[in-house]
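Undergrad: My questions all concern the structure below.
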Amino acid sequence: MKPNNLLIYNSLSRNKELFRPIHEGRVGMYVCGPTVYGDGHLGHARPAITFDVLYRYLCWLGYKVRYVRNITDVGHLEHDADEGEDKIAKKARLEQLEPMEVVQHYLNRYHKAMERLNVLPPSIEPHASGHIIEQIEYVKKILDAGLAYESNGSVYFDVPAYNAKYHYGKLSGRNVEELLSETRALDGQAEKRHPADFALWKKASPEHIMRWPSPWSDGFPGWHLECSTMSEKYLGQEFDIHGGGIDLKFPHHECEIAQSVAHNGHESVRYWMHKRSRPDGAFPAARRGHVSHCAAPRCRGRRVCHNDVRHYIWAHRNKSIVRYVRNITDVGHLEHDADEGEDKIAKKARLEQLEPMEVVQHYLNRYHDAMARLNVLPPSIEPHASGHIIEQIEYVKKILDAGYAYESNGHSRGHPGKPSLQGDGQRIMCSG
């Protein structure tokens with residue numbers, strides 16, 4: 001074993017903690033995988049790449065790692081709610097396929113995309129539909145603990161009863177009172193005793209294709225149940241790391257904690273890790289309808305190398321929103337990088353008998369084309385110096401007020417294209 005100084009930001013404690021596994025020399029890691037009803041986009045790629053790097057690093061340290069990443073192929077309803085149509089069943093209906101044809105098709109494409117992104121496969125990749133019996137048994141135990149109830153063939157987790165004994169909302173920082181005031185009125189809400197209660201088992205409507213027999217009804221498991229069940233089956237009642245996108249923090253992971261505590265009497269996870277699901281700006285959000293798929297990533301209409309995507313995603317802090325800003329200097333850069341001389345762009349404009357901004361636009365277009373040929377991702381924001389003159393003036397004023405600059409009526413002249421702060425022939429100097 002190599003020395004371990006790995007620090008992990010634990011979403012539960014909201015602190016960086018030195019990683020120490022429960023069992024010496026072994027690590028159990030569970031990461032929430034995709035719901036396979038469509039092509040994986042770059043929001044799926046970011047957590048996959050993050051936990052791939054963590055997996056590789058733990059293996060490099062010498063740990064024997066069991067990495068479990070689930071596949072949701074049943075029970076994930078539209079809008080992540082307890083009511084509505086199953087996402088996979090809806091896709092199957094629209095494309096006139098069997099639901100498992102949809103699952104297999106998009107799972108194959110997801111695997112190919114992960115391979116192109118150089119993401120290693122997990123040790124185990126369990127499917128929710130392959131663990132129905134285990135999920136039914138899990139629900140029975142929560143019912144026996146008095147923390148769930150049956151209603152019209154469905155079974156719901158009793159959040160107020162749980163919160164009276166434990167703490168519901170400790171991961172996300174929410175409380176039951178807020179949830180009560182914020183919960184929308186939905187179809188089927190009357191089955192619940194409390195709006196914040198969530199489904200463990202749902203009775204299937206007559207048109208629902210995916211259904212299994214249970215003691216309560218022919219139906220299907222709630223979305224949150226599969227991860228509690230499968231993580232315990234393959235990693236035990238206590239394991240080291242549970243990860244996923246930050247969008248899963250609430251309600252999915254919050255509900256997982258509650259289910260595990262109700263089932264076992266204690267929490268299961270030592271370190272909770274959440275990765276923001278998408279970089280900001282460069283890759284548009286999937287929910288806006290502008291999706292860059294993992295299989296063929298594109299940015300602003302151009303194909304992007306998979307290795308560039310991997311590097312770009314990993315180059316930013318785990319819980320950060322990526323905002324990549326690259327400036328364009330189109331004013332104020334004098335020859336020889338000095339305080340005297342002619343503005344470089346103004347000189348080029350004078351020699352070519354053009355307007356300075358014609359020079360800027362011409363060479364900026366050529367620069368962008370060159371970066372595209374090199375497969376360099378464009379930044380989130382590309383501000384031009386000339387577009388922020390007012391902000392720069394205000395910035396100088398503040399430095400003057402702080403006593404770290406001074407005005408000098410020296411021999412300088414006004415520079416073409418360079419803003420005059422105190423009128424032509426005057427300058428502001430920074431004191432050493």
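All residue names refer to the structure tokens as shown: chains lettered A, B, ... in order, residues numbered from 1 in each chain, ligands numbered from 1 in order.
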If we count only C-alpha atoms and set the cut-off at 12 Å, which residues sit around Ile133 of chain A, ignoring sequence neighbours fewer than 5 positions away in its own chain? Please answer as a list of chain:residue names.
TA: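 Skipping anything fewer than 5 positions along the chain leaves A:Ala128, A:Tyr138, A:Val139, A:Lys140, A:Trp212, A:Pro213, A:Ser214, A:Pro215, A:Phe220, A:Pro221, A:Leu225, A:Glu226, A:Thr229, A:Met230, A:Lys233.
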Undergrad: Which residue out of A:Asn118, A:Arg366, A:Gly84, A:Asn5 has the minimum interatomic distance to Arg56 of chain A when only C-alpha atoms are used?
TA: A:Asn118
Undergrad: Residues at most 12 Å from segment 61-65 of chain A, counting only C-alpha atoms, excluding those fewer than 3 positions away in the same chain, as a PyMOL selection string?
TA: chain A and resi 1-6+19-30+52+54-58+68+122-124+235+239-241
Undergrad: Give the strand (DSSP E or B) residues of segment 10-177 of chain A, as DSSP finds them on the backbone, and put them as a ChimeraX atom specification.
TA: /A:10,15-18,23,26-31,35,41,64-69,71-72,77,86,124,127,148-151,154-157
Undergrad: Would you mind exporting the chosen residues as a compact mmCIF listing (two decimals), in the first residue's frame, restricted to N, CA, C and O atoms?
TA:
```txt
# COMPACT_ATOMS: atom_id res chain seq x y z
N ASN A 10 -16.73 15.78 1.87
CA ASN A 10 -17.90 15.00 2.26
C ASN A 10 -19.12 15.91 2.26
O ASN A 10 -19.21 16.85 3.05
N ASN A 15 -17.35 19.22 4.86
CA ASN A 15 -15.94 19.46 5.14
C ASN A 15 -15.06 18.51 4.34
O ASN A 15 -15.52 17.43 3.93
N LYS A 16 -13.81 18.92 4.14
CA LYS A 16 -12.83 17.99 3.59
C LYS A 16 -12.38 17.05 4.71
O LYS A 16 -12.07 17.49 5.82
N GLU A 17 -12.33 15.76 4.40
CA GLU A 17 -11.96 14.77 5.40
C GLU A 17 -10.89 13.84 4.82
O GLU A 17 -10.91 13.50 3.65
N LEU A 18 -9.97 13.44 5.67
CA LEU A 18 -8.96 12.46 5.27
C LEU A 18 -9.64 11.11 5.05
O LEU A 18 -10.37 10.64 5.92
N HIS A 23 -12.87 -0.87 6.05
CA HIS A 23 -12.09 -2.10 6.15
C HIS A 23 -10.70 -1.87 5.56
O HIS A 23 -10.58 -1.42 4.41
N ARG A 26 -9.44 -2.26 1.75
CA ARG A 26 -10.57 -2.47 0.84
C ARG A 26 -11.46 -1.22 0.80
O ARG A 26 -11.65 -0.57 1.82
N VAL A 27 -12.02 -0.93 -0.37
CA VAL A 27 -12.90 0.23 -0.53
C VAL A 27 -14.16 -0.22 -1.26
O VAL A 27 -14.09 -0.90 -2.29
N GLY A 28 -15.30 0.18 -0.72
CA GLY A 28 -16.58 -0.02 -1.40
C GLY A 28 -17.10 1.32 -1.90
O GLY A 28 -17.24 2.26 -1.12
N MET A 29 -17.36 1.41 -3.20
CA MET A 29 -17.82 2.67 -3.80
C MET A 29 -19.04 2.42 -4.67
O MET A 29 -19.01 1.57 -5.55
N TYR A 30 -20.09 3.18 -4.42
CA TYR A 30 -21.33 3.07 -5.20
C TYR A 30 -21.60 4.43 -5.85
O TYR A 30 -21.60 5.46 -5.18
N VAL A 31 -21.83 4.41 -7.16
CA VAL A 31 -22.10 5.64 -7.91
C VAL A 31 -23.39 5.45 -8.69
O VAL A 31 -23.58 4.43 -9.36
N THR A 35 -30.27 6.58 -16.17
CA THR A 35 -31.54 6.00 -16.57
C THR A 35 -31.50 5.92 -18.08
O THR A 35 -31.45 6.95 -18.76
N HIS A 41 -25.57 12.38 -22.24
CA HIS A 41 -25.01 13.68 -22.61
C HIS A 41 -23.86 14.02 -21.68
O HIS A 41 -23.48 13.21 -20.82
N LYS A 64 -8.02 -2.64 -2.75
CA LYS A 64 -8.88 -3.51 -3.54
C LYS A 64 -10.26 -2.83 -3.55
O LYS A 64 -10.92 -2.75 -2.52
N VAL A 65 -10.67 -2.32 -4.72
CA VAL A 65 -11.88 -1.50 -4.81
C VAL A 65 -12.99 -2.28 -5.49
O VAL A 65 -12.80 -2.85 -6.56
N ARG A 66 -14.15 -2.30 -4.85
CA ARG A 66 -15.36 -2.79 -5.50
C ARG A 66 -16.20 -1.57 -5.86
O ARG A 66 -16.72 -0.88 -4.99
N TYR A 67 -16.28 -1.32 -7.16
CA TYR A 67 -16.96 -0.14 -7.69
C TYR A 67 -18.27 -0.59 -8.32
O TYR A 67 -18.29 -1.31 -9.31
N VAL A 68 -19.38 -0.14 -7.73
CA VAL A 68 -20.71 -0.50 -8.21
C VAL A 68 -21.37 0.73 -8.81
O VAL A 68 -21.44 1.79 -8.16
N ARG A 69 -21.83 0.60 -10.05
CA ARG A 69 -22.56 1.69 -10.71
C ARG A 69 -23.85 1.11 -11.30
O ARG A 69 -23.80 0.25 -12.17
N ILE A 71 -27.68 0.68 -13.09
CA ILE A 71 -28.43 1.07 -14.29
C ILE A 71 -29.90 1.10 -13.90
O ILE A 71 -30.47 0.09 -13.47
N THR A 72 -30.52 2.27 -14.03
CA THR A 72 -31.95 2.41 -13.75
C THR A 72 -32.73 2.08 -15.02
O THR A 72 -32.66 2.80 -16.00
N LEU A 77 -39.80 7.86 -12.88
CA LEU A 77 -40.91 8.53 -13.54
C LEU A 77 -40.51 9.92 -13.99
O LEU A 77 -39.50 10.48 -13.56
N ASP A 86 -43.42 6.25 -16.63
CA ASP A 86 -42.04 5.78 -16.55
C ASP A 86 -41.29 6.27 -17.79
O ASP A 86 -41.76 6.16 -18.92
N ILE A 124 -19.19 -4.00 -10.77
CA ILE A 124 -20.53 -4.57 -10.88
C ILE A 124 -21.45 -3.47 -11.42
O ILE A 124 -21.37 -2.33 -10.98
N HIS A 127 -28.75 -3.94 -12.51
CA HIS A 127 -29.95 -3.31 -13.07
C HIS A 127 -31.07 -3.34 -12.03
O HIS A 127 -31.28 -4.36 -11.36
N ALA A 148 -43.21 3.14 7.21
CA ALA A 148 -43.86 3.17 5.89
C ALA A 148 -45.29 2.69 6.07
O ALA A 148 -45.64 2.10 7.10
N TYR A 149 -46.13 2.94 5.09
CA TYR A 149 -47.52 2.54 5.16
C TYR A 149 -48.03 2.20 3.76
O TYR A 149 -47.51 2.70 2.76
N GLU A 150 -49.02 1.32 3.71
CA GLU A 150 -49.65 0.94 2.45
C GLU A 150 -50.88 1.79 2.21
O GLU A 150 -51.65 2.06 3.15
N SER A 151 -51.08 2.24 0.97
CA SER A 151 -52.23 3.06 0.63
C SER A 151 -52.68 2.74 -0.79
O SER A 151 -51.95 3.01 -1.75
N SER A 154 -50.23 0.99 -3.07
CA SER A 154 -48.89 1.58 -3.10
C SER A 154 -48.35 1.65 -1.68
O SER A 154 -49.10 1.63 -0.71
N VAL A 155 -47.03 1.72 -1.56
CA VAL A 155 -46.38 1.84 -0.25
C VAL A 155 -45.56 3.12 -0.24
O VAL A 155 -44.76 3.36 -1.16
N TYR A 156 -45.75 3.92 0.81
CA TYR A 156 -45.05 5.20 0.92
C TYR A 156 -44.20 5.24 2.19
O TYR A 156 -44.59 4.70 3.24
N PHE A 157 -43.08 5.89 2.08
CA PHE A 157 -42.21 6.13 3.24
C PHE A 157 -42.82 7.25 4.07
O PHE A 157 -43.18 8.30 3.54
```
Undergrad: Just give me the gap between atom CA of Ala45 of chain A and atom CA of Leu117 of chain A in Å, one decimal is fine.
TA: 8.1 Å
Undergrad: Figure out the distance between atom CA of Pro99 of chain A and atom CA of Ile209 of chain A, please, to one decimal in Å.
TA: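 Here the two named atoms are 8.1 Å from each other.
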